[in-house]
Amino acid sequence: MTAPLVESSQSGAQSVDRALMLLSRIGRHPESGLSLTDLVTASGLNKPTVRRLLMALIRGGLVEQDPTRRTYHLGEEAYVLGTMAAGRHGLVERTADAVGRLARESGDTAFVTARRGTAAVCLHREEGSFPIRTHALVPGAQHPLGVGAGSLAMLAALPDPEVEAVLAENTGLLADSYPALTPETLRDQIARTRETGYALNPGLVVPGSWGLGVAIRHPDGTVAGALSLAAIESRMQPPRDRTLADALTRETQIIESRLARSFADRNGA
C-alpha cells in the first residue's frame, strides 16, 4: 500500500513544479504573453500536459487567457499575491526614485536587477534624455548571473564557493549563448569588480552597449539586487565612468539604509 502513495506524492510534486515553471515563463512576458505553442516549446512538455496545467492555473486566478489573441498572461490573483509580497520583497518600490534620479542625472538608461537562482532578471528600466539609447536589457529579461553589469555586480558580491557553483551551473549556457563570457573571463571581471567597487561590462553582451553596476546588499550582507546604467561606449569612458560609478554607489547606499530600517522594523529593533 505504501508504494502507490509514494508514487502519487511524487507525481503531485512534479505537477506543482511544472505548473510553477509555466507560471514563471508567462510572468517573463508581461506585455506579449505566451501562446500554447510557445509554452510547449519552452517547457519541453507535451501539449495536453501544458493545457491541463494551464487550466489549473486559470482556475486559481494565477493565469488568464487573452480571448482574442489566445495568449496566456499573469492573472488577477498573481497581481494580488505580488502586491502582498511587495512589502517584503518590493525591490522596485524601494529603488524607483533612485533609478529615476540616475536616469535624469546621467541622461543614460538606469536599471534595477534582482537575482533569481543562477540568473539575473531585470525588474525596472528608466530612460534618460540622451537621444542614442541602448536596448540591451528590458524588464523581464533574464540572463545568466554575471552577464551584464548589474548581473556581474551581484555575482561578484557572492562568496567564492557560491560564485563557483553558479559558474559551474551556467557553463553550458554561457558557451552556447555568450561565447565571449567564459568562466575564466567572468572570474577576471569579478576580481576587477571587487577591486574597484563596481562592475563594468565593456560591450561583451551587445557590441557597443556598455554598462556599470553596483550590488545592493541586505543588512546581513546577502545580495538584494543591483543598480546599473547602460549607454553607448563613448559615454562610459574615463573620467565619466568614475562619476557614474560614484552616483550608483550613492544611490545604493540610500537603498541599503532603507533595507536596514525595514529589517529593524520587522524584527522589533
# chains A, B, ... in the order shown; residues from 1 in each chain; ligands from 1

$ select_by_dssp --residues "segment 25-86 of chain A" --states "strand (DSSP E or B)" --output "tab-separated table (two decimals) with all heavy atoms, in the first residue's frame"
chain	number	residue	atom	x	y	z
A	34	LEU	N	2.35	34.55	-23.76
A	34	LEU	CA	2.88	33.41	-24.49
A	34	LEU	C	1.73	32.55	-25.01
A	34	LEU	O	0.73	32.37	-24.33
A	34	LEU	CB	3.77	32.56	-23.58
A	34	LEU	CG	5.12	33.17	-23.18
A	34	LEU	CD1	5.82	32.26	-22.17
A	34	LEU	CD2	6.01	33.40	-24.39
A	63	VAL	N	-3.33	32.69	-13.82
A	63	VAL	CA	-3.12	32.89	-15.25
A	63	VAL	C	-4.47	33.19	-15.90
A	63	VAL	O	-5.51	32.70	-15.45
A	63	VAL	CB	-2.47	31.63	-15.89
A	63	VAL	CG1	-2.53	31.69	-17.41
A	63	VAL	CG2	-1.03	31.49	-15.43
A	64	GLU	N	-4.44	34.00	-16.96
A	64	GLU	CA	-5.64	34.24	-17.74
A	64	GLU	C	-5.27	34.21	-19.22
A	64	GLU	O	-4.11	34.42	-19.58
A	64	GLU	CB	-6.29	35.58	-17.38
A	64	GLU	CG	-5.40	36.78	-17.62
A	64	GLU	CD	-6.02	38.06	-17.08
A	64	GLU	OE1	-6.84	37.98	-16.14
A	64	GLU	OE2	-5.68	39.14	-17.60
A	65	GLN	N	-6.26	33.94	-20.06
A	65	GLN	CA	-6.02	33.86	-21.49
A	65	GLN	C	-6.70	35.01	-22.20
A	65	GLN	O	-7.88	35.31	-21.96
A	65	GLN	CB	-6.52	32.54	-22.07
A	65	GLN	CG	-6.13	32.33	-23.53
A	65	GLN	CD	-6.60	30.99	-24.06
A	65	GLN	OE1	-7.66	30.51	-23.67
A	65	GLN	NE2	-5.83	30.39	-24.96
A	72	TYR	N	-1.42	33.61	-23.17
A	72	TYR	CA	-1.58	33.47	-21.73
A	72	TYR	C	-0.78	34.55	-21.00
A	72	TYR	O	0.37	34.86	-21.36
A	72	TYR	CB	-1.11	32.08	-21.29
A	72	TYR	CG	-1.99	30.97	-21.82
A	72	TYR	CD1	-1.70	30.36	-23.04
A	72	TYR	CD2	-3.13	30.56	-21.12
A	72	TYR	CE1	-2.52	29.37	-23.55
A	72	TYR	CE2	-3.96	29.57	-21.63
A	72	TYR	CZ	-3.65	28.98	-22.84
A	72	TYR	OH	-4.47	27.99	-23.34
A	73	HIS	N	-1.41	35.11	-19.96
A	73	HIS	CA	-0.82	36.20	-19.19
A	73	HIS	C	-1.03	35.93	-17.70
A	73	HIS	O	-1.86	35.10	-17.32
A	73	HIS	CB	-1.49	37.54	-19.54
A	73	HIS	CG	-1.42	37.89	-21.00
A	73	HIS	ND1	-0.52	38.80	-21.50
A	73	HIS	CD2	-2.14	37.43	-22.07
A	73	HIS	CE1	-0.68	38.89	-22.81
A	73	HIS	NE2	-1.65	38.08	-23.18
A	74	LEU	N	-0.27	36.65	-16.87
A	74	LEU	CA	-0.50	36.55	-15.43
A	74	LEU	C	-1.91	37.03	-15.11
A	74	LEU	O	-2.40	38.02	-15.66
A	74	LEU	CB	0.51	37.39	-14.66
A	74	LEU	CG	1.96	36.90	-14.69
A	74	LEU	CD1	2.84	37.84	-13.87
A	74	LEU	CD2	2.10	35.48	-14.16

$ select_by_dssp --residues "segment 14-255 of chain A" --states "alpha helix (DSSP H)" --output "count of residues only"
121

$ closest_atom_pairs --of "segment 189-222 of chain A" --to "segment 232-252 of chain A" --cutoff "12 Å" --atoms "only C-alpha atoms" --output "tab-separated table"
residue	atom	partner	partner_atom	distance
A:Thr193	CA	A:Ala245	CA	11.3
A:Thr196	CA	A:Ala245	CA	9.5
A:Gly197	CA	A:Thr249	CA	8.4
A:Tyr198	CA	A:Ala245	CA	6.5
A:Ala199	CA	A:Ala245	CA	8.8
A:Leu200	CA	A:Asp241	CA	9.1
A:Asn201	CA	A:Met236	CA	9.8
A:Pro202	CA	A:Glu233	CA	7.6
A:Gly203	CA	A:Glu233	CA	7.5
A:Leu204	CA	A:Glu233	CA	11.2
A:Val206	CA	A:Ile232	CA	10.2
A:Pro207	CA	A:Glu233	CA	8.9
A:Gly208	CA	A:Glu233	CA	5.5
A:Ser209	CA	A:Ile232	CA	5.0
A:Trp210	CA	A:Glu233	CA	5.5
A:Gly211	CA	A:Met236	CA	7.5
A:Leu212	CA	A:Ala245	CA	6.7
A:Gly213	CA	A:Leu248	CA	7.2
A:Val214	CA	A:Leu248	CA	6.3
A:Ala215	CA	A:Thr252	CA	7.4
A:Ile216	CA	A:Thr252	CA	5.9
A:Arg217	CA	A:Thr252	CA	8.5
A:His218	CA	A:Thr252	CA	11.0

$ write_last_selection --atoms "N, CA and C atoms" --output "compact mmCIF listing (two decimals), in the first residue's frame"
# COMPACT_ATOMS: atom_id res chain seq x y z
N THR A 193 35.85 43.83 -10.34
CA THR A 193 34.69 44.43 -9.68
C THR A 193 34.94 44.58 -8.19
N THR A 196 37.51 47.52 -7.68
CA THR A 196 37.05 48.89 -7.94
C THR A 196 35.79 49.26 -7.18
N GLY A 197 34.98 48.25 -6.80
CA GLY A 197 33.73 48.52 -6.13
C GLY A 197 32.54 48.63 -7.07
N TYR A 198 32.78 48.47 -8.37
CA TYR A 198 31.67 48.49 -9.33
C TYR A 198 32.00 47.56 -10.49
N ALA A 199 30.95 47.07 -11.15
CA ALA A 199 31.12 46.16 -12.28
C ALA A 199 31.09 46.95 -13.58
N LEU A 200 31.92 46.53 -14.52
CA LEU A 200 31.96 47.14 -15.84
C LEU A 200 31.71 46.07 -16.90
N ASN A 201 30.74 46.33 -17.77
CA ASN A 201 30.51 45.47 -18.93
C ASN A 201 30.92 46.26 -20.17
N PRO A 202 32.09 45.99 -20.73
CA PRO A 202 32.58 46.76 -21.89
C PRO A 202 32.06 46.20 -23.21
N GLY A 203 30.75 46.17 -23.36
CA GLY A 203 30.15 45.74 -24.61
C GLY A 203 30.27 44.26 -24.91
N LEU A 204 30.36 43.43 -23.87
CA LEU A 204 30.54 42.00 -24.08
C LEU A 204 29.24 41.25 -24.35
N VAL A 206 26.12 43.01 -25.74
CA VAL A 206 25.69 43.63 -27.00
C VAL A 206 26.79 44.59 -27.43
N PRO A 207 27.43 44.37 -28.58
CA PRO A 207 28.52 45.24 -29.00
C PRO A 207 28.11 46.72 -29.01
N GLY A 208 28.96 47.55 -28.42
CA GLY A 208 28.69 48.98 -28.38
C GLY A 208 27.86 49.41 -27.20
N SER A 209 27.26 48.48 -26.47
CA SER A 209 26.45 48.80 -25.30
C SER A 209 27.26 48.49 -24.05
N TRP A 210 27.66 49.52 -23.34
CA TRP A 210 28.48 49.37 -22.13
C TRP A 210 27.60 49.58 -20.90
N GLY A 211 28.04 49.04 -19.78
CA GLY A 211 27.26 49.18 -18.56
C GLY A 211 28.13 49.24 -17.32
N LEU A 212 27.60 49.86 -16.29
CA LEU A 212 28.21 49.91 -14.96
C LEU A 212 27.17 49.44 -13.96
N GLY A 213 27.59 48.68 -12.96
CA GLY A 213 26.65 48.16 -11.97
C GLY A 213 27.24 48.10 -10.59
N VAL A 214 26.38 48.25 -9.58
CA VAL A 214 26.77 48.15 -8.17
C VAL A 214 25.74 47.28 -7.46
N ALA A 215 26.20 46.33 -6.68
CA ALA A 215 25.30 45.42 -5.97
C ALA A 215 24.64 46.11 -4.79
N ILE A 216 23.41 45.73 -4.52
CA ILE A 216 22.66 46.16 -3.33
C ILE A 216 22.65 44.99 -2.36
N ARG A 217 22.96 45.26 -1.10
CA ARG A 217 23.03 44.19 -0.10
C ARG A 217 21.99 44.37 0.99
N HIS A 218 21.49 43.23 1.49
CA HIS A 218 20.67 43.23 2.69
C HIS A 218 21.55 43.53 3.90

$ residues_around --residues "Leu123 of chain A" --least-positions-apart "4" --cutoff "8 Å" --atoms "only C-alpha atoms" --output "list of chain:residue names"
A:Val92, A:Phe111, A:Val112, A:Thr113, A:Ala114, A:Pro139, A:Gly140

$ closest_residue --among "A:Ala103, A:Ala191, A:Leu173, A:Leu167" --to "Ala230 of chain A" --atoms "only C-alpha atoms"
A:Ala103

$ residues_around --residues "Glu256 of chain A" --least-positions-apart "2" --cutoff "12 Å" --atoms "only C-alpha atoms" --output "ChimeraX atom specification"
/A:91,94-95,98,214-227,249-254,258-263

$ closest_residue --among "A:Ser15, A:Ala78, A:Gly33, A:Arg28" --to "Ala141 of chain A" --atoms "only C-alpha atoms"
A:Arg28

$ atom_distance --atom1 "atom CA of Leu181 of chain A" --atom2 "atom CA of His143 of chain A"
12.0 Å

$ closest_residue --among "A:Gly90, A:Pro161, A:Pro67, A:Gly150" --to "Arg115 of chain A" --atoms "only C-alpha atoms"
A:Gly150

$ atom_distance --atom1 "atom CA of Thr71 of chain A" --atom2 "atom CA of Asp38 of chain A"
9.3 Å
